[in-house]
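Source file entry-v7.csv; content: CSV, C-alpha atoms and all ligand atoms.
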```
chain,number,residue,atom,x,y,z
A,30,MET,CA,-78.1,12.0,15.0
A,31,ALA,CA,-81.2,9.9,15.8
A,32,SER,CA,-79.3,8.7,18.9
A,33,ALA,CA,-78.4,12.3,20.0
A,34,LEU,CA,-82.0,13.6,19.6
A,35,SER,CA,-83.4,10.5,21.3
A,36,TYR,CA,-81.3,11.3,24.3
A,37,ILE,CA,-82.4,14.9,24.3
A,38,ASN,CA,-86.0,13.7,24.0
A,39,TYR,CA,-85.4,11.4,27.0
A,40,MET,CA,-84.1,14.3,29.0
A,41,LEU,CA,-87.2,16.3,28.0
A,42,GLN,CA,-89.6,13.5,28.9
A,43,THR,CA,-88.0,12.9,32.3
A,44,GLY,CA,-88.1,16.7,33.1
A,45,GLN,CA,-84.4,17.2,33.2
A,46,VAL,CA,-84.7,19.9,30.6
A,47,SER,CA,-87.7,21.9,29.4
A,48,GLU,CA,-86.5,23.7,26.2
A,49,VAL,CA,-83.5,22.9,24.1
A,50,LEU,CA,-81.7,24.7,21.4
A,51,ALA,CA,-79.7,22.2,19.5
A,52,ILE,CA,-76.8,23.7,17.5
A,53,CYS,CA,-74.1,22.4,15.2
A,54,ALA,CA,-71.5,23.5,12.7
A,55,SER,CA,-71.7,21.6,9.5
A,56,THR,CA,-70.4,21.1,6.0
A,57,GLY,CA,-74.1,20.5,5.1
A,58,ASP,CA,-75.1,17.0,6.1
A,59,THR,CA,-74.9,17.1,9.8
A,60,SER,CA,-77.1,20.2,9.8
A,61,ALA,CA,-79.6,18.4,7.6
A,62,ALA,CA,-79.9,15.5,10.0
A,63,ALA,CA,-79.9,17.8,13.1
A,64,ALA,CA,-82.6,20.0,11.7
A,65,LEU,CA,-84.7,17.1,10.6
A,66,TYR,CA,-84.7,15.2,13.9
A,67,ALA,CA,-85.1,18.4,15.9
A,68,SER,CA,-88.2,19.2,13.8
A,69,TYR,CA,-89.8,16.0,15.0
A,70,LEU,CA,-89.6,17.3,18.5
A,71,THR,CA,-90.9,20.9,18.1
A,72,PRO,CA,-91.8,23.0,19.9
A,73,GLN,CA,-89.5,21.9,22.8
A,74,ILE,CA,-86.5,21.6,20.6
A,75,LYS,CA,-85.4,24.2,18.2
A,76,SER,CA,-82.3,24.0,16.0
A,77,ALA,CA,-79.7,26.4,14.7
A,78,VAL,CA,-77.0,25.5,12.3
A,79,LEU,CA,-73.8,27.2,11.2
A,80,LEU,CA,-72.6,26.6,7.7
A,81,PRO,CA,-69.5,27.9,5.8
A,82,PHE,CA,-70.8,30.5,3.3
A,83,LYS,CA,-70.9,29.1,-0.3
A,84,LYS,CA,-69.2,25.9,0.8
A,85,VAL,CA,-72.4,23.9,1.0
A,86,THR,CA,-74.3,22.7,-2.1
A,87,PRO,CA,-77.8,24.1,-2.7
A,88,GLN,CA,-79.3,20.7,-2.2
A,89,GLN,CA,-77.6,20.4,1.2
A,90,LEU,CA,-78.7,23.9,2.2
A,91,SER,CA,-82.3,23.1,1.2
A,92,GLN,CA,-82.5,20.5,3.9
A,93,PRO,CA,-82.0,22.5,7.1
A,94,LEU,CA,-84.0,25.3,5.6
A,95,GLY,CA,-86.9,23.0,4.7
A,96,SER,CA,-86.8,21.5,8.2
A,97,GLY,CA,-87.2,25.0,9.7
A,98,ALA,CA,-83.8,25.4,11.4
A,99,THR,CA,-82.3,28.8,11.9
A,100,VAL,CA,-79.5,28.8,9.4
A,101,PHE,CA,-76.4,31.0,9.8
A,102,GLU,CA,-73.9,31.3,6.9
A,103,ILE,CA,-70.4,32.2,8.2
A,104,PRO,CA,-67.4,33.5,6.2
A,105,GLY,CA,-64.5,31.0,6.1
A,106,VAL,CA,-64.5,27.2,6.1
A,107,PHE,CA,-66.0,24.5,8.3
A,108,ASP,CA,-63.1,24.7,10.8
A,109,ASP,CA,-64.1,28.4,11.5
A,110,CYS,CA,-67.7,27.4,12.0
A,111,MET,CA,-66.7,24.7,14.4
A,112,LYS,CA,-64.7,27.2,16.6
A,113,VAL,CA,-67.7,29.5,16.8
A,114,VAL,CA,-70.1,26.6,17.7
A,115,GLU,CA,-67.6,25.5,20.4
A,116,ALA,CA,-67.5,29.0,21.8
A,117,LEU,CA,-71.3,29.1,21.8
A,118,SER,CA,-71.6,25.8,23.6
A,119,GLU,CA,-69.1,27.0,26.3
A,120,ARG,CA,-71.0,30.2,26.9
A,121,TYR,CA,-74.6,29.3,26.5
A,122,ASP,CA,-77.0,26.6,27.5
A,123,VAL,CA,-77.3,24.7,24.2
A,124,ALA,CA,-77.0,21.1,23.1
A,125,LEU,CA,-74.0,20.6,20.8
A,126,LEU,CA,-74.8,18.2,18.0
A,127,ASN,CA,-71.5,17.8,16.3
A,128,SER,CA,-69.6,14.5,16.5
A,129,LYS,CA,-67.5,16.1,19.2
A,130,ASN,CA,-70.5,15.1,21.3
A,131,ALA,CA,-70.3,11.4,22.3
A,132,TRP,CA,-74.0,10.9,21.7
A,133,ARG,CA,-73.3,11.1,18.0
A,134,ILE,CA,-70.4,8.7,18.0
A,135,LEU,CA,-72.3,6.2,20.1
A,136,GLY,CA,-75.1,6.2,17.7
A,137,GLN,CA,-72.9,6.0,14.7
A,138,GLU,CA,-71.2,2.8,16.1
A,139,SER,CA,-74.2,0.9,14.8
A,140,TYR,CA,-72.7,1.2,11.3
A,141,SER,CA,-70.1,-1.3,12.4
A,142,TYR,CA,-72.7,-3.6,14.0
A,143,GLU,CA,-74.7,-3.6,10.8
A,144,ILE,CA,-71.6,-4.5,8.7
A,145,ALA,CA,-70.8,-7.3,11.1
A,146,GLN,CA,-74.3,-8.6,11.0
A,147,ASP,CA,-74.5,-8.4,7.2
A,148,PHE,CA,-71.4,-10.5,6.8
A,149,GLU,CA,-72.5,-13.0,9.5
A,150,TYR,CA,-69.8,-11.8,11.8
A,151,ALA,CA,-66.9,-13.0,9.6
A,152,LEU,CA,-64.7,-9.9,9.1
A,153,SER,CA,-61.2,-11.1,8.7
A,154,ASP,CA,-61.1,-10.5,4.9
A,155,LYS,CA,-63.1,-7.2,5.0
A,156,VAL,CA,-61.8,-3.7,4.5
A,157,VAL,CA,-64.0,-0.9,5.6
A,158,VAL,CA,-63.3,2.2,3.6
A,159,VAL,CA,-64.3,5.6,5.0
A,160,PRO,CA,-63.8,9.2,3.8
A,161,ILE,CA,-62.5,11.4,6.7
A,162,GLY,CA,-63.6,15.0,7.4
A,163,ASN,CA,-64.2,15.8,11.0
A,164,ALA,CA,-63.3,12.2,11.8
A,165,GLY,CA,-66.6,11.2,13.4
A,166,ASN,CA,-67.4,8.3,11.1
A,167,ILE,CA,-64.0,6.7,11.4
A,168,SER,CA,-64.0,7.1,15.2
A,169,ALA,CA,-67.4,5.5,15.5
A,170,ILE,CA,-66.5,2.6,13.1
A,171,MET,CA,-63.3,1.7,15.0
A,172,SER,CA,-65.1,2.0,18.3
A,173,GLY,CA,-68.0,-0.1,17.2
A,174,PHE,CA,-65.8,-2.9,15.9
A,175,LEU,CA,-63.7,-2.8,19.1
A,176,LYS,CA,-66.8,-3.2,21.2
A,177,PHE,CA,-68.1,-6.2,19.2
A,178,TYR,CA,-64.6,-7.7,19.4
A,179,ALA,CA,-64.4,-7.2,23.2
A,180,THR,CA,-67.6,-9.1,23.6
A,181,GLY,CA,-66.5,-12.0,21.3
A,182,ILE,CA,-69.4,-11.3,18.9
A,183,ILE,CA,-66.7,-11.0,16.2
A,184,THR,CA,-63.4,-12.8,16.5
A,185,SER,CA,-61.3,-10.7,14.1
A,186,LEU,CA,-61.2,-7.0,13.3
A,187,PRO,CA,-61.7,-5.9,9.7
A,188,LYS,CA,-59.1,-3.6,8.1
A,189,ILE,CA,-60.1,0.1,8.3
A,190,LEU,CA,-59.0,2.4,5.5
A,191,GLY,CA,-59.4,6.1,6.1
A,192,VAL,CA,-59.3,8.3,3.0
A,193,GLN,CA,-58.6,12.0,2.5
A,194,SER,CA,-58.3,14.3,-0.5
A,195,GLU,CA,-54.8,15.8,-0.9
A,196,HIS,CA,-56.6,19.2,-0.5
A,197,ALA,CA,-57.8,18.4,3.1
A,198,ASN,CA,-55.4,15.7,4.5
A,199,PRO,CA,-54.4,16.4,8.1
A,200,VAL,CA,-55.1,12.8,9.3
A,201,TYR,CA,-53.2,11.3,6.4
A,202,ARG,CA,-50.3,13.6,7.0
A,203,TYR,CA,-50.2,12.7,10.7
A,204,TYR,CA,-49.8,9.0,10.0
A,205,LEU,CA,-47.1,9.5,7.3
A,206,GLU,CA,-44.7,9.4,10.2
A,207,PRO,CA,-44.2,5.7,11.0
A,208,ASN,CA,-42.8,6.3,14.5
A,209,ALA,CA,-45.8,6.9,16.8
A,210,VAL,CA,-43.6,8.8,19.3
A,211,LYS,CA,-42.5,11.3,16.7
A,212,ARG,CA,-46.0,12.0,15.2
A,213,GLU,CA,-47.2,15.5,15.6
A,214,PHE,CA,-50.7,16.7,14.6
A,215,VAL,CA,-50.6,19.8,12.5
A,216,PRO,CA,-54.0,21.2,11.2
A,217,VAL,CA,-53.9,22.0,7.5
A,218,ALA,CA,-55.4,25.0,5.6
A,219,VAL,CA,-57.8,23.3,3.3
A,220,ARG,CA,-58.0,23.9,-0.4
A,221,PRO,CA,-61.2,23.5,-2.5
A,222,SER,CA,-62.3,19.9,-2.8
A,223,VAL,CA,-65.1,18.2,-4.7
A,224,ALA,CA,-65.5,16.1,-1.5
A,225,GLN,CA,-66.6,19.3,0.0
A,226,ALA,CA,-68.3,17.9,3.1
A,227,ALA,CA,-65.0,16.5,4.1
A,228,MET,CA,-63.0,19.7,3.5
A,229,ILE,CA,-61.8,19.9,7.1
A,230,GLY,CA,-58.3,20.8,8.2
A,231,ASN,CA,-58.6,20.4,12.0
A,232,PRO,CA,-60.9,17.4,12.7
A,233,VAL,CA,-62.6,17.7,16.1
A,234,SER,CA,-62.3,13.9,16.7
A,235,MET,CA,-58.5,13.8,16.0
A,236,PRO,CA,-57.7,12.9,19.7
A,237,ARG,CA,-60.2,10.1,19.4
A,238,VAL,CA,-58.7,8.8,16.2
A,239,ILE,CA,-55.2,8.7,17.7
A,240,HIS,CA,-56.4,6.8,20.7
A,241,LEU,CA,-58.7,4.4,18.8
A,242,VAL,CA,-56.1,3.6,16.0
A,243,GLU,CA,-53.6,2.6,18.7
A,244,ARG,CA,-56.2,0.5,20.5
A,245,TYR,CA,-57.4,-1.1,17.3
A,246,ASN,CA,-54.0,-2.1,16.1
A,247,GLN,CA,-53.1,-3.4,19.5
A,248,ALA,CA,-56.3,-5.5,19.8
A,249,ALA,CA,-55.7,-6.9,16.3
A,250,GLY,CA,-52.0,-7.7,17.1
A,251,ARG,CA,-50.9,-6.0,13.9
A,252,GLN,CA,-51.6,-2.9,11.8
A,253,ARG,CA,-55.3,-3.0,10.8
A,254,VAL,CA,-55.9,0.8,10.3
A,255,PHE,CA,-54.5,2.4,7.2
A,256,PHE,CA,-54.8,5.8,5.6
A,257,ALA,CA,-54.7,6.8,1.9
A,258,GLU,CA,-54.6,10.2,0.1
A,259,VAL,CA,-56.2,10.8,-3.3
A,260,ALA,CA,-56.2,13.5,-5.9
A,261,GLU,CA,-59.3,15.5,-6.7
A,262,GLN,CA,-59.2,14.1,-10.2
A,263,GLU,CA,-59.4,10.5,-8.8
A,264,ILE,CA,-62.3,11.4,-6.6
A,265,MET,CA,-64.4,12.7,-9.6
A,266,ASP,CA,-63.3,9.9,-11.9
A,267,TRP,CA,-64.1,7.1,-9.4
A,268,GLU,CA,-67.4,8.7,-8.4
A,269,LEU,CA,-68.5,8.6,-12.1
A,270,ILE,CA,-67.2,5.1,-12.6
A,271,ALA,CA,-69.0,3.9,-9.4
A,272,ASN,CA,-72.3,5.5,-10.7
A,273,ARG,CA,-71.7,3.8,-14.1
A,274,ASN,CA,-71.6,0.5,-12.3
A,275,GLY,CA,-75.0,0.8,-10.6
A,276,HIS,CA,-74.1,2.7,-7.4
A,277,VAL,CA,-75.5,6.0,-6.1
A,278,ALA,CA,-72.1,7.5,-5.0
A,279,CYS,CA,-71.5,11.1,-4.1
A,280,THR,CA,-68.0,12.7,-4.4
A,281,HIS,CA,-67.2,11.2,-0.9
A,282,GLY,CA,-68.1,7.8,-2.2
A,283,GLY,CA,-65.8,8.5,-5.1
A,284,GLU,CA,-63.1,9.4,-2.6
A,285,ALA,CA,-63.6,6.1,-0.8
A,286,LEU,CA,-63.4,4.1,-4.0
A,287,ALA,CA,-60.3,6.1,-5.2
A,288,GLY,CA,-58.7,5.4,-1.8
A,289,LEU,CA,-59.4,1.7,-2.1
A,290,VAL,CA,-57.8,1.6,-5.6
A,291,THR,CA,-54.8,3.5,-4.2
A,292,ALA,CA,-54.5,1.2,-1.2
A,293,LYS,CA,-54.6,-1.9,-3.5
A,294,LYS,CA,-51.8,-0.5,-5.6
A,295,GLN,CA,-49.8,0.0,-2.5
A,296,GLY,CA,-50.4,-3.6,-1.4
A,297,LEU,CA,-52.4,-2.5,1.7
A,298,VAL,CA,-55.4,-4.3,0.4
A,299,ALA,CA,-55.3,-7.8,-1.1
A,300,ASP,CA,-57.2,-9.1,-4.2
A,301,THR,CA,-59.1,-11.4,-2.0
A,302,ASP,CA,-60.2,-8.7,0.5
A,303,ILE,CA,-63.9,-7.6,0.3
A,304,GLY,CA,-64.4,-3.8,0.5
A,305,VAL,CA,-67.2,-2.1,2.3
A,306,LEU,CA,-67.3,1.5,1.1
A,307,ASP,CA,-69.0,4.3,3.0
A,308,SER,CA,-70.6,6.5,0.3
A,309,THR,CA,-71.7,9.1,2.8
A,310,ALA,CA,-74.3,11.1,0.9
A,311,HIS,CA,-76.7,10.7,-1.9
A,312,ALA,CA,-75.2,11.4,-5.4
A,313,LEU,CA,-77.7,14.1,-6.1
A,314,LYS,CA,-76.5,16.3,-3.2
A,315,PHE,CA,-73.2,16.8,-5.0
A,316,SER,CA,-74.4,16.6,-8.6
A,317,GLY,CA,-73.2,20.2,-9.2
A,318,PHE,CA,-69.7,18.8,-9.4
A,319,GLN,CA,-70.7,16.3,-12.0
A,320,GLU,CA,-72.4,19.0,-14.0
A,321,MET,CA,-69.2,21.1,-13.9
A,322,TYR,CA,-67.1,18.1,-14.8
A,323,PHE,CA,-69.3,17.3,-17.8
A,324,ALA,CA,-69.2,21.0,-18.9
A,325,ASN,CA,-65.4,21.2,-18.3
A,326,GLN,CA,-66.1,24.1,-15.9
A,327,ILE,CA,-64.4,22.9,-12.7
A,328,PRO,CA,-62.4,25.9,-11.4
A,329,PRO,CA,-58.6,25.4,-12.0
A,330,GLU,CA,-57.7,25.2,-8.3
A,331,PHE,CA,-59.3,21.7,-8.2
A,332,ASN,CA,-56.8,20.4,-10.8
A,333,ILE,CA,-59.5,18.3,-12.6
A,334,GLN,CA,-59.6,17.6,-16.3
A,335,PRO,CA,-62.7,15.8,-17.5
A,336,ASP,CA,-62.1,12.3,-19.0
A,337,ALA,CA,-63.9,12.3,-22.3
A,338,ALA,CA,-64.9,8.7,-21.8
A,339,LEU,CA,-66.9,9.7,-18.7
A,340,VAL,CA,-68.5,12.9,-19.9
A,341,ASN,CA,-72.2,12.8,-20.8
A,342,ALA,CA,-74.7,15.4,-21.9
A,343,PRO,CA,-78.3,15.3,-23.1
A,344,ARG,CA,-78.9,15.7,-26.9
A,345,TYR,CA,-81.6,18.1,-28.0
A,346,LEU,CA,-83.4,16.7,-31.0
A,347,HIS,CA,-85.3,19.0,-33.4
A,348,PRO,CA,-84.9,17.9,-37.0
A,349,GLN,CA,-84.7,21.1,-39.1
A,350,ASP,CA,-87.5,19.9,-41.5
A,351,LEU,CA,-89.9,19.5,-38.7
A,352,LYS,CA,-91.7,22.9,-38.6
A,353,LYS,CA,-94.3,22.0,-36.0
A,354,VAL,CA,-93.5,20.6,-32.6
A,355,PRO,CA,-95.7,20.3,-29.5
A,356,ALA,CA,-95.2,22.6,-26.5
A,357,PRO,CA,-96.8,22.7,-23.0
A,358,GLY,CA,-100.4,23.8,-23.4
A,359,LYS,CA,-100.1,23.6,-27.3
A,360,PRO,CA,-100.4,19.9,-28.2
A,361,LEU,CA,-100.2,18.9,-31.9
A,362,GLY,CA,-103.0,16.9,-33.4
A,363,GLY,CA,-103.7,14.8,-36.5
A,364,ALA,CA,-101.2,14.7,-39.3
A,365,ASP,CA,-98.8,17.2,-37.6
A,366,PHE,CA,-98.6,15.0,-34.5
A,367,ASN,CA,-98.0,11.8,-36.6
A,368,ARG,CA,-95.2,13.6,-38.6
A,369,PHE,CA,-93.6,14.7,-35.3
A,370,VAL,CA,-93.7,11.2,-33.8
A,371,ASN,CA,-92.4,9.5,-37.0
A,372,ARG,CA,-89.6,12.1,-37.6
A,373,MET,CA,-88.4,11.9,-34.0
A,374,ALA,CA,-88.4,8.0,-34.1
A,375,GLU,CA,-86.4,8.1,-37.3
A,376,GLU,CA,-83.9,10.6,-36.0
A,377,ILE,CA,-83.4,8.6,-32.7
A,378,GLY,CA,-83.1,5.4,-34.8
A,379,ALA,CA,-80.4,7.0,-36.9
A,380,VAL,CA,-78.4,8.4,-33.9
A,381,LEU,CA,-78.5,5.0,-32.2
A,382,ASN,CA,-77.8,3.1,-35.4
A,383,LEU,CA,-80.9,0.9,-34.7
A,384,LYS,CA,-81.8,-2.0,-37.1
A,385,LYS,CA,-85.2,-1.7,-38.7
A,386,ILE,CA,-87.6,-4.6,-38.2
A,401,LIG,C1,-71.2,13.6,2.8
A,401,LIG,C2,-70.1,13.6,3.9
A,401,LIG,N1,-69.1,12.8,3.7
A,401,LIG,C3,-68.1,12.7,4.6
A,401,LIG,C4,-68.1,13.4,5.8
A,401,LIG,C5,-67.0,13.3,6.7
A,401,LIG,O1,-67.4,12.6,7.8
A,401,LIG,P1,-66.7,12.8,9.2
A,401,LIG,O2,-66.8,14.3,9.5
A,401,LIG,O3,-67.4,12.0,10.2
A,401,LIG,O4,-65.3,12.4,9.1
A,401,LIG,C6,-69.2,14.3,6.0
A,401,LIG,C7,-69.2,15.1,7.2
A,401,LIG,O5,-70.1,15.8,7.5
A,401,LIG,C8,-70.2,14.3,5.0
A,401,LIG,O6,-71.3,15.2,5.2
```
Represent the structure contained in this file as structure tokens.
Ligand SMILES: Cc1ncc(COP(=O)(O)O)c(C=O)c1O
Amino acid sequence: MASALSYINYMLQTGQVSEVLAICASTGDTSAAAALYASYLTPQIKSAVLLPFKKVTPQQLSQPLGSGATVFEIPGVFDDCMKVVEALSERYDVALLNSKNAWRILGQESYSYEIAQDFEYALSDKVVVVPIGNAGNISAIMSGFLKFYATGIITSLPKILGVQSEHANPVYRYYLEPNAVKREFVPVAVRPSVAQAAMIGNPVSMPRVIHLVERYNQAAGRQRVFFAEVAEQEIMDWELIANRNGHVACTHGGEALAGLVTAKKQGLVADTDIGVLDSTAHALKFSGFQEMYFANQIPPEFNIQPDAALVNAPRYLHPQDLKKVPAPGKPLGGADFNRFVNRMAEEIGAVLNLKKI
């Protein structure tokens, strides 16, 4: 998004345009970035974003609102918003900020360059795992590595593993057919997914994916791009396991990890491979799904049963014999306060089974 807005800024500075309305359809995060970068460049650039009504988390929605974009909520799913935004960009003089726009893909290629740099350009044993929605990320990643490969900066191409939920899996389904000539792309009607930002049935970058996968495998001289499908249950469980191991993974990060586990079971990934997983958003943006999982309130259409070993909840402590407790604006003092502190410490010691010193 920085790359796209920099280009618009360049056009403004060089007098090629004077006022720009930047628009995008979004499952939440594209709009956050578009609105933020556009807000740097006010008043010449204004932004408008189209979101599927009730299919964007409140945390995601707060971002374009906070950055001052005009936000439209549209009935349907992302694919419907995308069609409207495409119609707008055909009829009106606006800048389209979806990954359909090559400015976006070109900027996103830097993800591959950074991976290459971080591994000192040795990529033969790496597998880059990426959740797929509108297929911008995976296109940019393949394209970036191909460019580094063509220049000789890297001498081997890493494996790429694209992951989709079984509730939004058009790319996975396309590649189920092993014979390239017989493959036919069929958009899918998406079902609710906890990887909500990737709940896309007709990815706008599908033609790019088809072209780049072919080029990538050809350049590597063997199959190096793979696809995996995962269940909603696996997405939630692996998100929680990732976060229990020190990561800050959102549901899409969980999807990537679940995909890696699936691919390993299928023998697509070796024990010695090193995974680089794209956890596309901050965990907090999708914490509502964690809350529902912990409270066993995920709607039935997701097919998710909480694993008791992963469920967590705060414990409210108020020993019954403790009559006086502090409250905001009503602190306790003297003996009451000492009793409160001592009883609470005792109670926590007992719950945690702590040894007295
Ligand atoms: C958090 C998150 N993960 C994954 C995706 C899917 O990425 P792409 O649309 O590039 O495939 C998106 C898309 O907006 C996203 O916001």
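Of the residues listed (A:Glu376, A:Asp307, A:Glu261, A:Glu143), A:Asp307 shows the shortest atom-to-atom separation from ligand LIG 401 (chain A); distances use all atoms listed in the file.
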For ligand LIG 401 (chain A), I'd like the enclosing box, axis-aligned and padded by 3 Å on every side, reported as AutoDock Vina command-line options with centre and edge lengths in Å to one decimal.
```
--center_x -68.3 --center_y 13.9 --center_z 6.5 --size_x 12.0 --size_y 9.8 --size_z 13.4
```
Task: Local residues around (-66.9, 26.5, 13.6), at most 12 Å away, using all atoms listed in the file, as an MDAnalysis selection string - done: chainID A and resid 52:56 78:82 101:118 125 127 129 163 229:233
Closest pair table for chain A residues within 7 Å of ligand LIG 401 (chain A), only C-alpha atoms and all ligand atoms, as a Markdown table:
```
| residue | atom | partner | partner_atom | distance |
| --- | --- | --- | --- | --- |
| A:Ser55 | CA | A:LIG401 | O5 | 6.3 |
| A:Thr56 | CA | A:LIG401 | O5 | 5.5 |
| A:Gly57 | CA | A:LIG401 | O6 | 6.0 |
| A:Asp58 | CA | A:LIG401 | O6 | 4.3 |
| A:Thr59 | CA | A:LIG401 | O5 | 5.5 |
| A:Pro160 | CA | A:LIG401 | C3 | 5.6 |
| A:Ile161 | CA | A:LIG401 | O4 | 3.8 |
| A:Gly162 | CA | A:LIG401 | O4 | 3.5 |
| A:Asn163 | CA | A:LIG401 | O2 | 3.4 |
| A:Ala164 | CA | A:LIG401 | O4 | 3.4 |
| A:Gly165 | CA | A:LIG401 | O3 | 3.4 |
| A:Asn166 | CA | A:LIG401 | O3 | 3.8 |
| A:Ile167 | CA | A:LIG401 | O4 | 6.3 |
| A:Ala226 | CA | A:LIG401 | C8 | 4.5 |
| A:Ala227 | CA | A:LIG401 | C5 | 4.6 |
| A:His281 | CA | A:LIG401 | N1 | 5.2 |
| A:Thr309 | CA | A:LIG401 | C1 | 4.5 |
| A:Ala310 | CA | A:LIG401 | C1 | 4.4 |
```
Write to file, as a JSON list (two decimals), in the frame of the given file, the residues of the selection just made, with C-alpha atoms.
```json
[["chain", "number", "residue", "atom", "x", "y", "z"],
["A", 55, "SER", "CA", -71.70, 21.60, 9.50],
["A", 56, "THR", "CA", -70.40, 21.10, 6.00],
["A", 57, "GLY", "CA", -74.10, 20.50, 5.10],
["A", 58, "ASP", "CA", -75.10, 17.00, 6.10],
["A", 59, "THR", "CA", -74.90, 17.10, 9.80],
["A", 160, "PRO", "CA", -63.80, 9.20, 3.80],
["A", 161, "ILE", "CA", -62.50, 11.40, 6.70],
["A", 162, "GLY", "CA", -63.60, 15.00, 7.40],
["A", 163, "ASN", "CA", -64.20, 15.80, 11.00],
["A", 164, "ALA", "CA", -63.30, 12.20, 11.80],
["A", 165, "GLY", "CA", -66.60, 11.20, 13.40],
["A", 166, "ASN", "CA", -67.40, 8.30, 11.10],
["A", 167, "ILE", "CA", -64.00, 6.70, 11.40],
["A", 226, "ALA", "CA", -68.30, 17.90, 3.10],
["A", 227, "ALA", "CA", -65.00, 16.50, 4.10],
["A", 281, "HIS", "CA", -67.20, 11.20, -0.90],
["A", 309, "THR", "CA", -71.70, 9.10, 2.80],
["A", 310, "ALA", "CA", -74.30, 11.10, 0.90]]
```
Task: Residue among A:Ser172, A:Gln73, A:Ser153, A:Thr43 lying closest to Thr184 (chain A), counting all atoms listed in the file - done: A:Ser153
